[in-house]
file final11.cif (mmCIF, C-alpha atoms)
data_my_file
loop_
_atom_site.group_PDB
_atom_site.id
_atom_site.type_symbol
_atom_site.label_atom_id
_atom_site.label_comp_id
_atom_site.auth_asym_id
_atom_site.auth_seq_id
_atom_site.Cartn_x
_atom_site.Cartn_y
_atom_site.Cartn_z
ATOM 1 C CA MET A 8 69.408 77.215 151.475
ATOM 2 C CA ALA A 9 70.478 78.984 154.671
ATOM 3 C CA ARG A 10 74.187 79.450 155.316
ATOM 4 C CA ARG A 11 75.704 78.014 158.437
ATOM 5 C CA SER A 12 76.890 80.614 160.896
ATOM 6 C CA GLU A 13 79.425 78.232 162.429
ATOM 7 C CA LYS A 14 82.420 76.710 160.676
ATOM 8 C CA VAL A 15 82.069 72.954 160.251
ATOM 9 C CA VAL A 16 85.171 70.953 161.129
ATOM 10 C CA TYR A 17 85.538 67.479 159.701
ATOM 11 C CA TRP A 18 88.790 66.413 161.320
ATOM 12 C CA GLY A 19 90.665 66.346 164.581
ATOM 13 C CA ALA A 20 94.134 65.111 165.468
ATOM 14 C CA PHE A 21 95.131 62.656 168.163
ATOM 15 C CA ILE A 22 98.657 62.713 169.478
ATOM 16 C CA LEU A 23 99.738 59.068 169.210
ATOM 17 C CA GLU A 24 100.864 58.991 172.841
ATOM 18 C CA TRP A 25 97.204 59.511 173.783
ATOM 19 C CA PHE A 26 96.393 55.912 172.927
ATOM 20 C CA GLN A 27 98.809 54.715 175.616
ATOM 21 C CA HIS A 28 97.107 56.925 178.189
ATOM 22 C CA LEU A 29 93.674 55.656 177.136
ATOM 23 C CA GLN A 30 94.670 52.199 178.380
ATOM 24 C CA ASP A 31 94.521 53.438 181.979
ATOM 25 C CA PRO A 32 93.226 50.607 184.208
ATOM 26 C CA ASP A 33 91.254 53.113 186.308
ATOM 27 C CA PHE A 34 89.014 54.036 183.361
ATOM 28 C CA ARG A 35 85.521 52.641 182.961
ATOM 29 C CA GLY A 36 83.320 52.420 179.891
ATOM 30 C CA SER A 37 81.405 55.559 180.826
ATOM 31 C CA ASP A 38 84.673 57.512 181.056
ATOM 32 C CA TYR A 39 85.488 56.712 177.429
ATOM 33 C CA LYS A 40 81.927 57.361 176.329
ATOM 34 C CA ILE A 41 81.922 60.802 177.954
ATOM 35 C CA LEU A 42 85.423 61.700 176.751
ATOM 36 C CA PHE A 43 84.617 60.857 173.130
ATOM 37 C CA PHE A 44 81.261 62.623 173.410
ATOM 38 C CA LEU A 45 83.026 65.774 174.633
ATOM 39 C CA CYS A 46 85.566 65.529 171.797
ATOM 40 C CA GLY A 47 82.643 65.513 169.378
ATOM 41 C CA GLN A 48 81.186 68.650 170.994
ATOM 42 C CA LEU A 49 84.296 70.839 171.182
ATOM 43 C CA LYS A 50 84.663 74.114 169.321
ATOM 44 C CA TYR A 51 87.534 74.276 166.862
ATOM 45 C CA ASP A 52 88.922 77.589 168.051
ATOM 46 C CA ASP A 53 89.283 76.830 171.777
ATOM 47 C CA ASN A 54 89.015 73.030 172.294
ATOM 48 C CA ILE A 55 86.078 73.583 174.668
ATOM 49 C CA ALA A 56 82.842 71.604 174.758
ATOM 50 C CA TYR A 57 80.254 74.096 175.988
ATOM 51 C CA ILE A 58 77.932 71.717 177.786
ATOM 52 C CA LYS A 59 76.705 70.979 181.289
ATOM 53 C CA GLN A 60 76.915 67.636 183.062
ATOM 54 C CA LYS A 61 73.120 67.391 183.054
ATOM 55 C CA GLN A 62 73.103 67.663 179.250
ATOM 56 C CA ILE A 63 75.815 64.974 179.006
ATOM 57 C CA ALA A 64 73.748 62.670 181.209
ATOM 58 C CA GLU A 65 70.631 63.211 179.105
ATOM 59 C CA SER A 66 72.451 62.813 175.780
ATOM 60 C CA LEU A 67 74.239 59.605 176.790
ATOM 61 C CA SER A 68 71.513 58.137 179.040
ATOM 62 C CA ILE A 69 73.906 57.978 181.996
ATOM 63 C CA ASP A 70 72.770 59.000 185.479
ATOM 64 C CA LYS A 71 74.090 62.348 186.723
ATOM 65 C CA GLY A 72 76.093 60.690 189.510
ATOM 66 C CA GLY A 73 77.894 58.488 186.996
ATOM 67 C CA VAL A 74 78.652 61.484 184.794
ATOM 68 C CA SER A 75 80.013 63.355 187.796
ATOM 69 C CA LYS A 76 82.331 60.461 188.748
ATOM 70 C CA SER A 77 83.585 60.107 185.163
ATOM 71 C CA ILE A 78 84.179 63.845 184.834
ATOM 72 C CA LYS A 79 86.154 63.755 188.091
ATOM 73 C CA ARG A 80 88.338 60.872 186.798
ATOM 74 C CA LEU A 81 88.877 62.553 183.428
ATOM 75 C CA CYS A 82 89.903 65.777 185.200
ATOM 76 C CA GLU A 83 92.262 63.963 187.589
ATOM 77 C CA LYS A 84 93.937 62.212 184.636
ATOM 78 C CA GLN A 85 94.048 65.586 182.809
ATOM 79 C CA PHE A 86 92.162 64.491 179.711
ATOM 80 C CA ILE A 87 89.835 67.411 180.364
ATOM 81 C CA VAL A 88 89.662 70.396 182.662
ATOM 82 C CA LYS A 89 86.568 72.209 183.878
ATOM 83 C CA CYS A 90 86.259 75.744 182.621
ATOM 84 C CA GLN A 91 83.597 78.387 182.501
ATOM 85 C CA ASN A 92 80.526 76.970 180.734
ATOM 86 C CA GLY A 93 82.011 73.588 179.901
ATOM 87 C CA PHE A 94 85.074 71.388 179.614
ATOM 88 C CA MET A 95 88.326 71.932 177.759
ATOM 89 C CA ILE A 96 89.728 68.819 176.114
ATOM 90 C CA ASN A 97 93.493 68.517 176.575
ATOM 91 C CA PRO A 98 95.072 70.030 173.414
ATOM 92 C CA HIS A 99 98.355 68.301 174.251
ATOM 93 C CA LEU A 100 96.545 65.071 173.323
ATOM 94 C CA PHE A 101 93.647 65.943 170.985
ATOM 95 C CA TYR A 102 92.853 69.079 169.021
ATOM 96 C CA VAL A 103 91.222 70.581 165.969
ATOM 97 C CA GLY A 104 92.498 73.614 164.097
ATOM 98 C CA ASN A 105 95.943 74.790 163.113
ATOM 99 C CA SER A 106 99.142 74.719 165.154
ATOM 100 C CA ASP A 107 98.867 78.383 166.213
ATOM 101 C CA ILE A 108 95.507 77.685 167.832
ATOM 102 C CA ARG A 109 96.830 74.455 169.357
ATOM 103 C CA PHE A 110 99.778 76.188 171.052
ATOM 104 C CA LYS A 111 97.530 78.961 172.398
ATOM 105 C CA ASN A 112 95.087 76.364 173.719
ATOM 106 C CA ARG A 113 97.880 74.349 175.334
ATOM 107 C CA GLY A 114 98.842 77.378 177.398
ATOM 108 C CA GLU A 115 95.225 77.971 178.403
ATOM 109 C CA PHE A 116 94.752 74.318 179.381
ATOM 110 C CA ASP A 117 97.866 74.383 181.562
ATOM 111 C CA ARG A 118 96.728 77.655 183.151
ATOM 112 C CA LEU A 119 93.356 76.092 184.020
ATOM 113 C CA LEU A 120 95.075 73.039 185.507
ATOM 114 C CA LEU A 121 97.243 75.220 187.726
ATOM 115 C CA GLN A 122 94.186 77.248 188.697
ATOM 116 C CA ASN A 123 92.560 73.985 189.807
ATOM 117 C CA GLY A 124 95.623 72.983 191.855
ATOM 118 C CA LEU A 125 97.013 70.442 189.381
ATOM 119 C CA GLU A 126 100.540 70.331 187.979
ATOM 120 C CA PRO A 127 100.397 69.816 184.177
ATOM 121 C CA ARG A 128 101.120 66.199 183.329
ATOM 122 C CA PHE A 129 101.612 66.448 179.544
#
call {"tool": "encode", "arguments": {"input": "final11.cif", "output": "structure tokens"}}
result
Amino acid sequence: MARRSEKVVYWGAFILEWFQHLQDPDFRGSDYKILFFLCGQLKYDDNIAYIKQKQIAESLSIDKGGVSKSIKRLCEKQFIVKCQNGFMINPHLFYVGNSDIRFKNRGEFDRLLLQNGLEPRF
């Protein structure tokens, strides 16, 4: 049997406050679908889902325009932020890995928000 080259992670942690933010009246079904899909794709060491919008659209059978609108909403609400080669899921709200990694990733997420002209919300 071949060994896996990538560590398999079987858990992630939600910050309870996240559930309140998920009740946002601006969100649509596709927003949730894409957000949870991205959470399932993220890498445990950096909270980033290395995927393109086209791949999201194909995987979820959502048109590219719909994916683009959902990504925009998720970025505006700071659930995710665009980064090189993918999307970083907000580690203030959801993360995998230990607390050292989480705190490092929080700083990186906030840096990316500022770089995109957004003041960190969480």
call {"tool": "resolve_selection", "arguments": {"input": "final11.cif", "expression": "the PyMOL selection byres ((chain A and resi 42) around 10)", "output": "VMD selection string"}}
result
chain A and resid 37 to 41 43 to 48 77 to 78 81 86 to 87 96
call {"tool": "resolve_selection", "arguments": {"input": "final11.cif", "expression": "the PyMOL selection byres ((chain A and resi 94) around 10)", "output": "ChimeraX atom specification"}}
result
/A:45-46,48-49,54-60,78,82,86-93,95-97
call {"tool": "write_last_selection", "arguments": {"input": "final11.cif", "atoms": "C-alpha atoms", "output": "short mmCIF file (atom, residue, chain, number, x, y, z; two decimals), keeping the file's coordinate frame"}}
result
data_model
loop_
_atom_site.label_atom_id
_atom_site.label_comp_id
_atom_site.auth_asym_id
_atom_site.auth_seq_id
_atom_site.Cartn_x
_atom_site.Cartn_y
_atom_site.Cartn_z
CA LEU A 45 83.03 65.77 174.63
CA CYS A 46 85.57 65.53 171.80
CA GLN A 48 81.19 68.65 170.99
CA LEU A 49 84.30 70.84 171.18
CA ASN A 54 89.02 73.03 172.29
CA ILE A 55 86.08 73.58 174.67
CA ALA A 56 82.84 71.60 174.76
CA TYR A 57 80.25 74.10 175.99
CA ILE A 58 77.93 71.72 177.79
CA LYS A 59 76.70 70.98 181.29
CA GLN A 60 76.92 67.64 183.06
CA ILE A 78 84.18 63.84 184.83
CA CYS A 82 89.90 65.78 185.20
CA PHE A 86 92.16 64.49 179.71
CA ILE A 87 89.84 67.41 180.36
CA VAL A 88 89.66 70.40 182.66
CA LYS A 89 86.57 72.21 183.88
CA CYS A 90 86.26 75.74 182.62
CA GLN A 91 83.60 78.39 182.50
CA ASN A 92 80.53 76.97 180.73
CA GLY A 93 82.01 73.59 179.90
CA MET A 95 88.33 71.93 177.76
CA ILE A 96 89.73 68.82 176.11
CA ASN A 97 93.49 68.52 176.58
#
call {"tool": "atom_distance", "arguments": {"input": "final11.cif", "atom1": "CA of Gln62 (chain A)", "atom2": "CA of Val74 (chain A)"}}
result
10.0 Å
call {"tool": "resolve_selection", "arguments": {"input": "final11.cif", "expression": "the PyMOL selection byres ((chain A and resi 124-128) around 10)", "output": "list in words"}}
result
Cys82, Glu83, Lys84, Gln85, Phe86, Val88, His99, Phe116, Asp117, Arg118, Leu119, Leu120, Leu121, Gln122, Asn123 and Phe129 of chain A
call {"tool": "closest_residue", "arguments": {"input": "final11.cif", "among": "A:Lys61, A:Lys79, A:Asp53, A:Gln30", "to": "Asn112 (chain A)", "atoms": "only C-alpha atoms"}}
result
A:Asp53
call {"tool": "atom_distance", "arguments": {"input": "final11.cif", "atom1": "CA of Ser106 (chain A)", "atom2": "CA of Tyr51 (chain A)"}}
result
11.7 Å
